[in-house]
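*Asks:* Here it is, the structure, as structure tokens.
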Amino acid sequence: MLDLRNNKKFKLSILSLILVSLITLPFGKVLAESISGDNVVIESNETLEKTSFLSGDNIRIDGNINGTTFITASNIEVNGIIDGDLFIAGQNATINGTVKGSVFVAGNSITINGRVENTVYLAGATLNVQSKIDGSAFIAGQSIYLEESAIIKKDAFIGAGKIYQNSLIEGDLSTSSEFLSIGGKIGGDLNYSSQEEANFLNGSEVIGETTWKEIDDEPSESTKTLFTAFALIRAFLSILAALIIWLVIKWLKPNFWPTLADKIRRNPLRTLGFGALSVVFIPLVSIVLMFTVIGIPLSLIVLSLYSISIYISTIILSTYFGLMAQNRFKWSNGQAFWVFLLGLIVLATVGIIPIVGMISGVLVAAFGVGSIVLSLQEMRV
């Protein structure tokens with residue numbers, strides 16, 4: 001029996017799954033298929049034979065992709081076969097095809113109709129699951145619908161406002177929600193936290209034990225565990241976004257990241273000092289500019305660039321780690337990449353720790369912004 005509330009290994013298991021998934025991604029090749037545009041279509045007679053990055057406004061995959069697939073777009077539809085893991089970040093996402101790996105999706109409206117041969121991780125507002133999932137399911141959202149045609153072969157962990165479970169779950173179901181409706185079959189135990197007892201419809205069945213914990217002002221242990229799990233999933237998605245940005249800019253301008261990271265290598269304290277001053281004074285200068293009519297456009301531009309600089313600071317510092325290892329141990333670019341990836345993982349994981357994450361975030365931002373300021377200063381000379 002799996003008791004989510006008392007299973008202290010659950011958090012470590014989620015983190016391990018995320019780290020293992022990252023480490024086993026086929027980035028050793030780094031030369032991946034990258035396709036972008038307003039409307040991207042992989043036709044039914046097309047097959048992409050490597051790790052693929054797809055971005056745009058609308059993306060439809062009717063063909064097959066033999067490799068891990070990353071998609072960022074407003075509207076996404078997957079109808080073909082993905083022979084690998086699938087990562088999606090978008091407004092609306094629909095998966096009708098087969099994924100021969102795990103599925104990671106963050107979006108507003110998510111629909112899973114096809115088959116997933118491993119685990120699913122879903123986070124969004126409205127989620128509709130009608131697929132057969134051979135692994136477990138980790139789902140967070142506002143309204144979640146597990147339809148009658150859905151089959152989850154292992155356990156399901158769900159946190160939401162409203163949950164409608166009409167599917168077959170062969171393992172345990174652990175939930176935290178305001179409202180829970182059970183109309184399907186649960187092969188294991190049902191452990192749920194909610195404001196009211198679940199609504200058991202005619203035909204519903206729970207083979208194992210049913211445990212209800214009423215939600216009060218203090219979050220239950222299962223609620224805390226679920227939020228911790230999805231915080232780790234958000235960290236994973238931030239790492240994924242950083243990797244995509246790193247790869248795109250590396251493709252457009254190969255020396256961009258090494259040039260910025262080299263500023264930290266040459267003089268870490270100077271970079272940190274310039275960065276700390278910039279992190280504090282740039283917003284102040286921008287606010288002052290807003291009080292002048294002619295300065296408002298410049299202020300908005302400066303704040304936008306400032307936000308971008310803060311965001312990419314993690315990538316810059318992780319690149320610095322990779323360069324340091326490469327120079328010290330005479331490693332190849334491929335070996336240095338793994339240190340870079342490890343840097344992203346560590347910084348993202350530390351970032352979700354209270355207080356420690358805030359302190360590390362300030363330091364990372366200072367180093368990143370400092371390297372950019374020094375690079376701009378050199379360009380003027």
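How things are named: the first chain in the structure tokens is A, the next is B, and so on; residues count from 1 in each chain; ligands count from 1 in the order shown.
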Write out as a compact mmCIF listing (two decimals) with N, CA and C atoms, in the first residue's frame each polymer residue whose atoms come within 6 Å of Asp85 in chain A, counting only C-alpha atoms; drop sequence neighbours fewer than 6 positions from it.

*Replies:*
```txt
# COMPACT_ATOMS: atom_id res chain seq x y z
N THR A 68 13.94 12.19 -28.47
CA THR A 68 13.31 13.07 -27.50
C THR A 68 12.86 14.35 -28.20
N GLY A 101 7.64 6.91 -24.38
CA GLY A 101 8.47 7.43 -23.30
C GLY A 101 7.57 8.16 -22.33
N SER A 102 8.13 9.10 -21.60
CA SER A 102 7.35 9.90 -20.66
C SER A 102 6.88 11.18 -21.30
N VAL A 103 5.84 11.79 -20.72
CA VAL A 103 5.28 13.04 -21.25
C VAL A 103 5.32 14.09 -20.15
```

*Asks:* Give me the residues within 9 Å of range 126-129 of chain A as an MDAnalysis selection string, counting only C-alpha atoms and dropping any in the same chain fewer than 4 places off.

*Replies:* chainID A and resid 107:113 122 139:147 149:150 167

*Asks:* What separation in Å, quoted to one decimal, exists between CA of Ala241 in chain A and CA of Ile282 in chain A?

*Replies:* 25.4 Å

*Asks:* Determine, using only C-alpha atoms, which residues of range 69-124 of chain A have any atom at most 10 Å from an atom of range 30-51 of chain A, and tabulate each with its shortest atom pair and distance in Å to one decimal place, rows ordered by chain and then rising number, as CSV.

*Replies:*
```
residue,atom,partner,partner_atom,distance
A:Thr69,CA,A:Thr51,CA,5.8
A:Phe70,CA,A:Thr51,CA,8.1
A:Ile71,CA,A:Ile35,CA,9.7
A:Thr72,CA,A:Ser36,CA,9.5
A:Ala73,CA,A:Asp38,CA,9.1
A:Ser74,CA,A:Asp38,CA,9.9
A:Asn75,CA,A:Asn39,CA,9.6
A:Ile76,CA,A:Val40,CA,9.6
A:Glu77,CA,A:Val41,CA,9.6
A:Val78,CA,A:Ile42,CA,9.5
A:Asn79,CA,A:Ser44,CA,8.8
A:Gly80,CA,A:Ser44,CA,7.3
A:Ile81,CA,A:Thr47,CA,9.4
A:Ile82,CA,A:Leu48,CA,9.6
A:Asp83,CA,A:Glu49,CA,9.6
A:Gly84,CA,A:Thr51,CA,8.7
A:Asp85,CA,A:Thr51,CA,9.7
```

*Asks:* Using DSSP on the backbone, list every residue of range 186-326 of chain A that comes out as alpha helix (DSSP H), and give them as a PyMOL selection string.

*Replies:* chain A and resi 221-252+256-266+268-290+296-326

*Asks:* Provide the CA of Gly368 in chain A to CA of Ile345 in chain A distance in Å, to one decimal place.

*Replies:* 16.8 Å

*Asks:* Quick one: residues within 8 Å of range 372-374 of chain A, only C-alpha atoms counted, chain neighbours fewer than 3 positions away excluded, as a ChimeraX atom specification?

*Replies:* /A:260,263,271,274-275,278,309,368-369,377-378

*Asks:* Do a neighbour search on Leu341 in chain A at 10 Å with only C-alpha atoms, toss out local chain neighbours closer than 4 positions, and write the hits as a count of residues only.

*Replies:* 15

*Asks:* Got a sec: who's within 12 Å of Val206 in chain A, counting only C-alpha atoms, leaving out chain neighbours fewer than 6 positions off, as JSON, numbers by chain?

*Replies:* {"A": [165, 166, 167, 168, 169, 170, 171, 172, 173, 182, 183, 184, 185, 186, 187, 188, 189, 190, 191, 200]}

*Asks:* For the residues in that selection, give me all heavy atoms as a CSV table (one decimal), in the first residue's frame.

*Replies:*
```
chain,number,residue,atom,x,y,z
A,165,GLN,N,-13.0,11.7,-11.5
A,165,GLN,CA,-12.3,10.5,-11.8
A,165,GLN,C,-13.3,9.5,-12.3
A,165,GLN,O,-14.1,8.9,-11.5
A,165,GLN,CB,-11.5,10.0,-10.6
A,165,GLN,CG,-10.6,8.8,-10.9
A,165,GLN,CD,-11.3,7.5,-10.9
A,165,GLN,OE1,-12.2,7.3,-10.2
A,165,GLN,NE2,-10.8,6.6,-11.8
A,166,ASN,N,-13.3,9.2,-13.6
A,166,ASN,CA,-14.2,8.2,-14.2
A,166,ASN,C,-13.5,7.1,-14.9
A,166,ASN,O,-14.0,6.3,-15.6
A,166,ASN,CB,-15.2,8.9,-15.2
A,166,ASN,CG,-16.1,9.9,-14.6
A,166,ASN,OD1,-16.8,9.7,-13.6
A,166,ASN,ND2,-16.1,11.2,-15.1
A,167,SER,N,-12.2,7.1,-14.7
A,167,SER,CA,-11.3,6.2,-15.4
A,167,SER,C,-11.0,4.9,-14.6
A,167,SER,O,-11.5,4.7,-13.5
A,167,SER,CB,-10.0,6.9,-15.7
A,167,SER,OG,-9.3,7.2,-14.5
A,168,LEU,N,-10.1,4.1,-15.2
A,168,LEU,CA,-9.6,2.9,-14.4
A,168,LEU,C,-8.2,3.3,-14.0
A,168,LEU,O,-7.3,3.6,-14.8
A,168,LEU,CB,-9.6,1.7,-15.4
A,168,LEU,CG,-8.8,0.5,-14.8
A,168,LEU,CD1,-9.3,0.0,-13.5
A,168,LEU,CD2,-8.7,-0.6,-15.9
A,169,ILE,N,-7.9,3.2,-12.7
A,169,ILE,CA,-6.6,3.4,-12.1
A,169,ILE,C,-6.2,2.1,-11.5
A,169,ILE,O,-6.9,1.7,-10.5
A,169,ILE,CB,-6.5,4.6,-11.1
A,169,ILE,CG1,-6.9,5.9,-11.8
A,169,ILE,CG2,-5.2,4.7,-10.5
A,169,ILE,CD1,-7.0,7.1,-10.9
A,170,GLU,N,-5.3,1.4,-12.0
A,170,GLU,CA,-5.0,0.0,-11.5
A,170,GLU,C,-4.2,0.1,-10.2
A,170,GLU,O,-4.1,-0.9,-9.4
A,170,GLU,CB,-4.2,-0.8,-12.5
A,170,GLU,CG,-5.0,-1.0,-13.8
A,170,GLU,CD,-4.4,-2.0,-14.8
A,170,GLU,OE1,-3.3,-2.5,-14.4
A,170,GLU,OE2,-4.9,-2.2,-15.9
A,171,GLY,N,-3.5,1.2,-9.9
A,171,GLY,CA,-2.8,1.4,-8.6
A,171,GLY,C,-3.5,2.2,-7.7
A,171,GLY,O,-4.8,2.2,-7.6
A,172,ASP,N,-2.8,3.0,-6.8
A,172,ASP,CA,-3.4,3.9,-5.8
A,172,ASP,C,-3.7,5.2,-6.4
A,172,ASP,O,-3.1,5.7,-7.4
A,172,ASP,CB,-2.5,4.1,-4.7
A,172,ASP,CG,-2.1,2.8,-3.9
A,172,ASP,OD1,-2.9,1.8,-4.0
A,172,ASP,OD2,-1.1,2.7,-3.3
A,173,LEU,N,-4.7,5.9,-5.8
A,173,LEU,CA,-5.0,7.3,-6.2
A,173,LEU,C,-4.9,8.2,-5.0
A,173,LEU,O,-5.5,7.9,-3.9
A,173,LEU,CB,-6.5,7.4,-6.7
A,173,LEU,CG,-7.0,8.8,-7.0
A,173,LEU,CD1,-6.1,9.6,-8.0
A,173,LEU,CD2,-8.4,8.8,-7.4
A,182,ILE,N,-15.8,10.5,-7.8
A,182,ILE,CA,-15.3,9.1,-8.2
A,182,ILE,C,-16.4,8.4,-8.9
A,182,ILE,O,-17.5,8.1,-8.3
A,182,ILE,CB,-14.9,8.3,-6.9
A,182,ILE,CG1,-13.8,9.1,-6.1
A,182,ILE,CG2,-14.4,7.0,-7.4
A,182,ILE,CD1,-12.5,9.2,-6.9
A,183,GLY,N,-16.2,8.1,-10.2
A,183,GLY,CA,-17.1,7.4,-11.0
A,183,GLY,C,-16.5,6.2,-11.6
A,183,GLY,O,-17.2,5.4,-12.2
A,184,GLY,N,-15.2,6.0,-11.5
A,184,GLY,CA,-14.5,4.9,-12.1
A,184,GLY,C,-14.1,3.9,-11.1
A,184,GLY,O,-14.6,3.8,-10.0
A,185,LYS,N,-13.0,3.1,-11.5
A,185,LYS,CA,-12.5,2.0,-10.6
A,185,LYS,C,-11.1,2.3,-10.2
A,185,LYS,O,-10.3,2.7,-11.0
A,185,LYS,CB,-12.6,0.7,-11.4
A,185,LYS,CG,-12.1,-0.5,-10.6
A,185,LYS,CD,-12.2,-1.8,-11.4
A,185,LYS,CE,-11.7,-3.0,-10.6
A,185,LYS,NZ,-11.8,-4.3,-11.3
A,186,ILE,N,-10.8,2.1,-9.0
A,186,ILE,CA,-9.5,2.2,-8.4
A,186,ILE,C,-9.0,0.9,-7.9
A,186,ILE,O,-9.6,0.3,-7.0
A,186,ILE,CB,-9.4,3.3,-7.3
A,186,ILE,CG1,-9.9,4.6,-7.8
A,186,ILE,CG2,-8.0,3.4,-6.7
A,186,ILE,CD1,-10.1,5.7,-6.8
A,187,GLY,N,-8.0,0.3,-8.5
A,187,GLY,CA,-7.5,-1.0,-8.1
A,187,GLY,C,-6.8,-1.1,-6.8
A,187,GLY,O,-6.7,-2.1,-6.2
A,188,GLY,N,-6.2,0.1,-6.3
A,188,GLY,CA,-5.5,0.1,-5.1
A,188,GLY,C,-6.3,0.9,-4.0
A,188,GLY,O,-7.5,0.8,-3.9
A,189,ASP,N,-5.5,1.7,-3.3
A,189,ASP,CA,-6.1,2.5,-2.2
A,189,ASP,C,-6.5,3.9,-2.7
A,189,ASP,O,-5.9,4.4,-3.7
A,189,ASP,CB,-5.1,2.7,-1.1
A,189,ASP,CG,-4.8,1.3,-0.4
A,189,ASP,OD1,-5.6,0.4,-0.5
A,189,ASP,OD2,-3.7,1.2,0.2
A,190,LEU,N,-7.4,4.5,-2.1
A,190,LEU,CA,-7.8,5.9,-2.3
A,190,LEU,C,-7.5,6.7,-1.1
A,190,LEU,O,-8.1,6.5,0.0
A,190,LEU,CB,-9.3,6.0,-2.6
A,190,LEU,CG,-9.9,7.4,-2.7
A,190,LEU,CD1,-9.2,8.3,-3.8
A,190,LEU,CD2,-11.4,7.4,-2.9
A,191,ASN,N,-6.5,7.6,-1.2
A,191,ASN,CA,-6.1,8.5,-0.1
A,191,ASN,C,-6.4,10.0,-0.6
A,191,ASN,O,-5.8,10.4,-1.6
A,191,ASN,CB,-4.7,8.4,0.2
A,191,ASN,CG,-4.3,7.0,0.7
A,191,ASN,OD1,-4.8,6.5,1.7
A,191,ASN,ND2,-3.4,6.3,0.0
A,200,PHE,N,-19.2,9.6,-4.5
A,200,PHE,CA,-19.1,8.3,-5.2
A,200,PHE,C,-20.3,8.1,-6.0
A,200,PHE,O,-21.4,7.9,-5.5
A,200,PHE,CB,-18.9,7.2,-4.1
A,200,PHE,CG,-17.6,7.3,-3.4
A,200,PHE,CD1,-17.4,8.1,-2.2
A,200,PHE,CD2,-16.4,6.7,-3.9
A,200,PHE,CE1,-16.2,8.1,-1.6
A,200,PHE,CE2,-15.2,6.7,-3.3
A,200,PHE,CZ,-15.1,7.5,-2.1
```

*Asks:* Provide the CA of Phe53 in chain A to CA of Ile244 in chain A distance in Å, to one decimal place.

*Replies:*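 Those two atoms sit 7.6 Å apart.
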
*Asks:* Quick one: DSSP strand (DSSP E or B) residues in range 152-380 of chain A, as a compact mmCIF listing (two decimals) with all heavy atoms, in the first residue's frame?

*Replies:*
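Heads up, here's the output in part04.txt:
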```
# COMPACT_ATOMS: atom_id res chain seq x y z
N ILE A 152 -4.89 4.12 -16.29
CA ILE A 152 -3.59 4.40 -15.69
C ILE A 152 -3.12 3.11 -15.02
O ILE A 152 -3.73 2.64 -14.06
CB ILE A 152 -3.67 5.56 -14.68
CG1 ILE A 152 -4.16 6.82 -15.38
CG2 ILE A 152 -2.32 5.79 -14.01
CD1 ILE A 152 -4.42 8.00 -14.44
N ALA A 156 -1.64 7.19 -9.35
CA ALA A 156 -1.95 8.55 -9.81
C ALA A 156 -1.89 9.49 -8.61
O ALA A 156 -2.41 9.18 -7.53
CB ALA A 156 -3.33 8.61 -10.45
N PHE A 157 -1.23 10.66 -8.82
CA PHE A 157 -1.09 11.68 -7.80
C PHE A 157 -1.65 12.98 -8.39
O PHE A 157 -1.13 13.47 -9.39
CB PHE A 157 0.37 11.87 -7.39
CG PHE A 157 1.05 10.60 -6.95
CD1 PHE A 157 1.67 9.77 -7.87
CD2 PHE A 157 1.04 10.23 -5.62
CE1 PHE A 157 2.29 8.60 -7.48
CE2 PHE A 157 1.66 9.06 -5.21
CZ PHE A 157 2.28 8.23 -6.13
N ILE A 158 -2.69 13.53 -7.77
CA ILE A 158 -3.40 14.65 -8.38
C ILE A 158 -3.64 15.74 -7.34
O ILE A 158 -4.10 15.48 -6.23
CB ILE A 158 -4.76 14.21 -8.98
CG1 ILE A 158 -4.55 13.07 -9.98
CG2 ILE A 158 -5.45 15.37 -9.65
CD1 ILE A 158 -5.85 12.48 -10.52
N GLY A 159 -3.35 16.99 -7.74
CA GLY A 159 -3.69 18.15 -6.93
C GLY A 159 -4.47 19.13 -7.79
O GLY A 159 -4.01 19.51 -8.87
N ALA A 160 -5.66 19.53 -7.35
CA ALA A 160 -6.51 20.38 -8.21
C ALA A 160 -7.62 21.02 -7.38
O ALA A 160 -7.83 20.69 -6.21
CB ALA A 160 -7.12 19.55 -9.34
N GLY A 161 -8.34 21.94 -8.06
CA GLY A 161 -9.55 22.50 -7.45
C GLY A 161 -10.67 21.49 -7.50
O GLY A 161 -11.30 21.18 -6.49
N LYS A 162 -10.92 20.93 -8.72
CA LYS A 162 -11.97 19.93 -8.90
C LYS A 162 -11.41 18.75 -9.68
O LYS A 162 -10.71 18.93 -10.68
CB LYS A 162 -13.16 20.54 -9.65
CG LYS A 162 -13.85 21.67 -8.90
CD LYS A 162 -15.03 22.21 -9.69
CE LYS A 162 -15.73 23.33 -8.92
NZ LYS A 162 -16.89 23.87 -9.66
N ILE A 163 -11.73 17.56 -9.22
CA ILE A 163 -11.25 16.33 -9.86
C ILE A 163 -12.45 15.43 -10.16
O ILE A 163 -13.26 15.14 -9.27
CB ILE A 163 -10.26 15.57 -8.95
CG1 ILE A 163 -9.06 16.46 -8.59
CG2 ILE A 163 -9.78 14.29 -9.63
CD1 ILE A 163 -8.15 15.85 -7.54
N TYR A 164 -12.54 15.00 -11.41
CA TYR A 164 -13.60 14.08 -11.84
C TYR A 164 -12.92 12.80 -12.33
O TYR A 164 -12.34 12.77 -13.42
CB TYR A 164 -14.45 14.70 -12.95
CG TYR A 164 -15.11 16.00 -12.53
CD1 TYR A 164 -14.45 17.22 -12.69
CD2 TYR A 164 -16.39 16.01 -11.99
CE1 TYR A 164 -15.05 18.42 -12.31
CE2 TYR A 164 -17.00 17.20 -11.60
CZ TYR A 164 -16.32 18.39 -11.76
OH TYR A 164 -16.90 19.58 -11.39
N GLN A 165 -12.99 11.74 -11.53
CA GLN A 165 -12.30 10.50 -11.84
C GLN A 165 -13.32 9.47 -12.31
O GLN A 165 -14.08 8.90 -11.52
CB GLN A 165 -11.53 9.98 -10.62
CG GLN A 165 -10.59 8.82 -10.91
CD GLN A 165 -11.28 7.47 -10.92
OE1 GLN A 165 -12.24 7.25 -10.19
NE2 GLN A 165 -10.81 6.57 -11.76
N LEU A 168 -10.12 4.09 -15.16
CA LEU A 168 -9.58 2.92 -14.45
C LEU A 168 -8.17 3.26 -14.00
O LEU A 168 -7.30 3.55 -14.83
CB LEU A 168 -9.57 1.69 -15.36
CG LEU A 168 -8.76 0.48 -14.84
CD1 LEU A 168 -9.34 -0.02 -13.51
CD2 LEU A 168 -8.73 -0.63 -15.89
N ILE A 169 -7.94 3.23 -12.71
CA ILE A 169 -6.60 3.39 -12.14
C ILE A 169 -6.24 2.07 -11.47
O ILE A 169 -6.86 1.69 -10.47
CB ILE A 169 -6.55 4.56 -11.14
CG1 ILE A 169 -6.92 5.87 -11.82
CG2 ILE A 169 -5.15 4.66 -10.50
CD1 ILE A 169 -7.02 7.06 -10.87
N LEU A 173 -4.72 5.91 -5.85
CA LEU A 173 -5.03 7.29 -6.20
C LEU A 173 -4.87 8.15 -4.96
O LEU A 173 -5.52 7.90 -3.94
CB LEU A 173 -6.46 7.41 -6.74
CG LEU A 173 -6.97 8.85 -6.97
CD1 LEU A 173 -6.09 9.58 -7.99
CD2 LEU A 173 -8.42 8.85 -7.40
N SER A 174 -3.99 9.16 -5.04
CA SER A 174 -3.77 10.10 -3.94
C SER A 174 -4.07 11.49 -4.45
O SER A 174 -3.50 11.92 -5.45
CB SER A 174 -2.32 10.01 -3.45
OG SER A 174 -2.02 8.70 -2.99
N THR A 175 -4.99 12.21 -3.79
CA THR A 175 -5.41 13.51 -4.29
C THR A 175 -5.50 14.54 -3.17
O THR A 175 -5.65 14.20 -2.00
CB THR A 175 -6.78 13.44 -4.98
OG1 THR A 175 -7.80 13.27 -3.99
CG2 THR A 175 -6.85 12.31 -5.99
N SER A 176 -5.42 15.80 -3.58
CA SER A 176 -5.72 16.92 -2.71
C SER A 176 -6.52 17.91 -3.53
O SER A 176 -6.05 18.38 -4.56
CB SER A 176 -4.43 17.57 -2.19
OG SER A 176 -4.72 18.69 -1.38
N SER A 177 -7.75 18.23 -3.09
CA SER A 177 -8.62 19.06 -3.91
C SER A 177 -9.74 19.66 -3.06
O SER A 177 -9.95 19.26 -1.91
CB SER A 177 -9.23 18.23 -5.05
OG SER A 177 -10.06 17.20 -4.52
N GLU A 178 -10.48 20.60 -3.64
CA GLU A 178 -11.67 21.12 -3.00
C GLU A 178 -12.86 20.17 -3.19
O GLU A 178 -13.71 20.03 -2.32
CB GLU A 178 -12.01 22.49 -3.58
CG GLU A 178 -10.94 23.56 -3.34
CD GLU A 178 -11.28 24.86 -4.02
OE1 GLU A 178 -12.37 24.94 -4.62
OE2 GLU A 178 -10.47 25.79 -3.96
N PHE A 179 -12.86 19.53 -4.39
CA PHE A 179 -13.99 18.65 -4.74
C PHE A 179 -13.46 17.43 -5.47
O PHE A 179 -12.57 17.53 -6.32
CB PHE A 179 -14.98 19.40 -5.62
CG PHE A 179 -16.07 18.52 -6.20
CD1 PHE A 179 -17.19 18.20 -5.45
CD2 PHE A 179 -15.95 18.00 -7.48
CE1 PHE A 179 -18.19 17.39 -5.98
CE2 PHE A 179 -16.94 17.19 -8.01
CZ PHE A 179 -18.06 16.88 -7.26
N LEU A 180 -13.99 16.26 -5.11
CA LEU A 180 -13.58 15.01 -5.76
C LEU A 180 -14.80 14.16 -6.07
O LEU A 180 -15.63 13.89 -5.20
CB LEU A 180 -12.63 14.22 -4.85
CG LEU A 180 -12.25 12.81 -5.32
CD1 LEU A 180 -11.47 12.87 -6.65
CD2 LEU A 180 -11.42 12.10 -4.26
N SER A 181 -14.90 13.78 -7.35
CA SER A 181 -15.97 12.89 -7.79
C SER A 181 -15.35 11.59 -8.29
O SER A 181 -14.45 11.61 -9.14
CB SER A 181 -16.79 13.55 -8.91
OG SER A 181 -17.73 12.63 -9.45
N ILE A 182 -15.84 10.46 -7.77
CA ILE A 182 -15.32 9.15 -8.16
C ILE A 182 -16.42 8.39 -8.90
O ILE A 182 -17.48 8.07 -8.33
CB ILE A 182 -14.87 8.33 -6.93
CG1 ILE A 182 -13.79 9.08 -6.14
CG2 ILE A 182 -14.35 6.96 -7.38
CD1 ILE A 182 -12.49 9.23 -6.87
N LYS A 185 -13.02 3.11 -11.49
CA LYS A 185 -12.52 2.02 -10.65
C LYS A 185 -11.09 2.31 -10.23
O LYS A 185 -10.26 2.73 -11.04
CB LYS A 185 -12.59 0.70 -11.41
CG LYS A 185 -12.08 -0.50 -10.61
CD LYS A 185 -12.21 -1.80 -11.40
CE LYS A 185 -11.66 -2.98 -10.59
NZ LYS A 185 -11.78 -4.26 -11.33
N ILE A 186 -10.81 2.06 -8.95
CA ILE A 186 -9.46 2.23 -8.41
C ILE A 186 -9.01 0.87 -7.89
O ILE A 186 -9.61 0.30 -6.97
CB ILE A 186 -9.43 3.28 -7.28
CG1 ILE A 186 -9.91 4.63 -7.83
CG2 ILE A 186 -8.04 3.40 -6.69
CD1 ILE A 186 -10.15 5.67 -6.76
N LEU A 190 -7.44 4.51 -2.05
CA LEU A 190 -7.81 5.90 -2.32
C LEU A 190 -7.48 6.72 -1.09
O LEU A 190 -8.07 6.51 -0.01
CB LEU A 190 -9.30 6.01 -2.64
CG LEU A 190 -9.87 7.44 -2.69
CD1 LEU A 190 -9.18 8.27 -3.78
CD2 LEU A 190 -11.39 7.41 -2.91
N ASN A 191 -6.51 7.63 -1.22
CA ASN A 191 -6.14 8.54 -0.15
C ASN A 191 -6.40 9.96 -0.64
O ASN A 191 -5.77 10.40 -1.59
CB ASN A 191 -4.65 8.39 0.21
CG ASN A 191 -4.32 6.99 0.69
OD1 ASN A 191 -4.84 6.54 1.70
ND2 ASN A 191 -3.45 6.31 -0.03
N TYR A 192 -7.35 10.66 -0.01
CA TYR A 192 -7.68 11.98 -0.53
C TYR A 192 -7.90 12.99 0.58
O TYR A 192 -8.34 12.66 1.68
CB TYR A 192 -8.90 11.90 -1.45
CG TYR A 192 -10.23 11.65 -0.79
CD1 TYR A 192 -11.12 12.69 -0.54
CD2 TYR A 192 -10.62 10.36 -0.43
CE1 TYR A 192 -12.36 12.46 0.05
CE2 TYR A 192 -11.85 10.11 0.15
CZ TYR A 192 -12.72 11.16 0.39
OH TYR A 192 -13.94 10.93 0.98
N SER A 193 -7.56 14.24 0.27
CA SER A 193 -7.81 15.37 1.16
C SER A 193 -8.72 16.33 0.42
O SER A 193 -8.46 16.68 -0.72
CB SER A 193 -6.50 16.08 1.52
OG SER A 193 -5.61 15.20 2.19
N SER A 194 -9.80 16.74 1.06
CA SER A 194 -10.75 17.66 0.43
C SER A 194 -11.59 18.34 1.50
O SER A 194 -11.58 17.94 2.67
CB SER A 194 -11.65 16.91 -0.56
OG SER A 194 -12.42 15.93 0.11
N ASN A 199 -17.65 12.45 -3.75
CA ASN A 199 -18.94 12.06 -4.29
C ASN A 199 -18.76 10.76 -5.07
O ASN A 199 -18.17 10.76 -6.15
CB ASN A 199 -19.48 13.16 -5.20
CG ASN A 199 -20.83 12.80 -5.81
OD1 ASN A 199 -21.56 11.99 -5.25
ND2 ASN A 199 -21.12 13.38 -6.96
N PHE A 200 -19.23 9.64 -4.52
CA PHE A 200 -19.08 8.34 -5.16
C PHE A 200 -20.32 8.07 -6.01
O PHE A 200 -21.42 7.91 -5.50
CB PHE A 200 -18.88 7.24 -4.12
CG PHE A 200 -17.56 7.31 -3.41
CD1 PHE A 200 -17.44 8.05 -2.24
CD2 PHE A 200 -16.45 6.67 -3.92
CE1 PHE A 200 -16.23 8.14 -1.58
CE2 PHE A 200 -15.23 6.74 -3.27
CZ PHE A 200 -15.10 7.48 -2.10
N GLU A 205 -15.89 2.07 -7.90
CA GLU A 205 -15.38 0.95 -7.10
C GLU A 205 -13.96 1.26 -6.65
O GLU A 205 -13.12 1.68 -7.44
CB GLU A 205 -15.40 -0.34 -7.92
CG GLU A 205 -14.94 -1.57 -7.15
CD GLU A 205 -14.99 -2.83 -7.98
OE1 GLU A 205 -15.23 -2.73 -9.21
OE2 GLU A 205 -14.77 -3.92 -7.43
N VAL A 206 -13.70 1.04 -5.36
CA VAL A 206 -12.35 1.16 -4.79
C VAL A 206 -12.00 -0.19 -4.17
O VAL A 206 -12.62 -0.61 -3.18
CB VAL A 206 -12.28 2.28 -3.73
CG1 VAL A 206 -10.87 2.34 -3.15
CG2 VAL A 206 -12.68 3.62 -4.32
N THR A 210 -10.03 3.19 1.67
CA THR A 210 -10.33 4.60 1.38
C THR A 210 -10.07 5.43 2.64
O THR A 210 -10.61 5.12 3.70
CB THR A 210 -11.79 4.77 0.94
OG1 THR A 210 -12.01 4.06 -0.28
CG2 THR A 210 -12.11 6.25 0.72
N THR A 211 -9.22 6.45 2.48
CA THR A 211 -8.88 7.31 3.61
C THR A 211 -9.13 8.76 3.22
O THR A 211 -8.61 9.25 2.21
CB THR A 211 -7.40 7.14 4.01
OG1 THR A 211 -7.14 5.76 4.30
CG2 THR A 211 -7.07 7.98 5.24
N TRP A 212 -9.96 9.44 4.01
CA TRP A 212 -10.28 10.85 3.75
C TRP A 212 -9.74 11.72 4.86
O TRP A 212 -9.91 11.41 6.04
CB TRP A 212 -11.80 11.05 3.64
CG TRP A 212 -12.22 12.50 3.59
CD1 TRP A 212 -11.72 13.46 2.76
CD2 TRP A 212 -13.21 13.14 4.40
NE1 TRP A 212 -12.35 14.67 2.98
CE2 TRP A 212 -13.27 14.50 3.99
CE3 TRP A 212 -14.05 12.71 5.42
CZ2 TRP A 212 -14.13 15.42 4.57
CZ3 TRP A 212 -14.91 13.62 6.01
CH2 TRP A 212 -14.95 14.96 5.58
N LYS A 213 -9.09 12.83 4.50
CA LYS A 213 -8.63 13.82 5.48
C LYS A 213 -9.24 15.15 5.08
O LYS A 213 -9.02 15.65 3.98
CB LYS A 213 -7.11 13.92 5.50
CG LYS A 213 -6.60 14.92 6.54
CD LYS A 213 -5.09 14.92 6.64
CE LYS A 213 -4.60 15.93 7.68
NZ LYS A 213 -5.12 15.64 9.03
N GLU A 214 -10.02 15.72 5.99
CA GLU A 214 -10.68 16.99 5.72
C GLU A 214 -9.65 18.12 5.70
O GLU A 214 -8.78 18.21 6.57
CB GLU A 214 -11.74 17.27 6.77
CG GLU A 214 -12.56 18.52 6.49
CD GLU A 214 -13.66 18.72 7.50
OE1 GLU A 214 -13.73 17.93 8.47
OE2 GLU A 214 -14.47 19.66 7.32
```

*Asks:* Considering only C-alpha atoms, state which residue in the set A:Leu86, A:Ala93, A:Val285, A:Ala365 is at the smallest distance from Ile59 in chain A.

*Replies:*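 Of the candidates, the smallest distance to Ile59 in chain A is held by A:Ala93.
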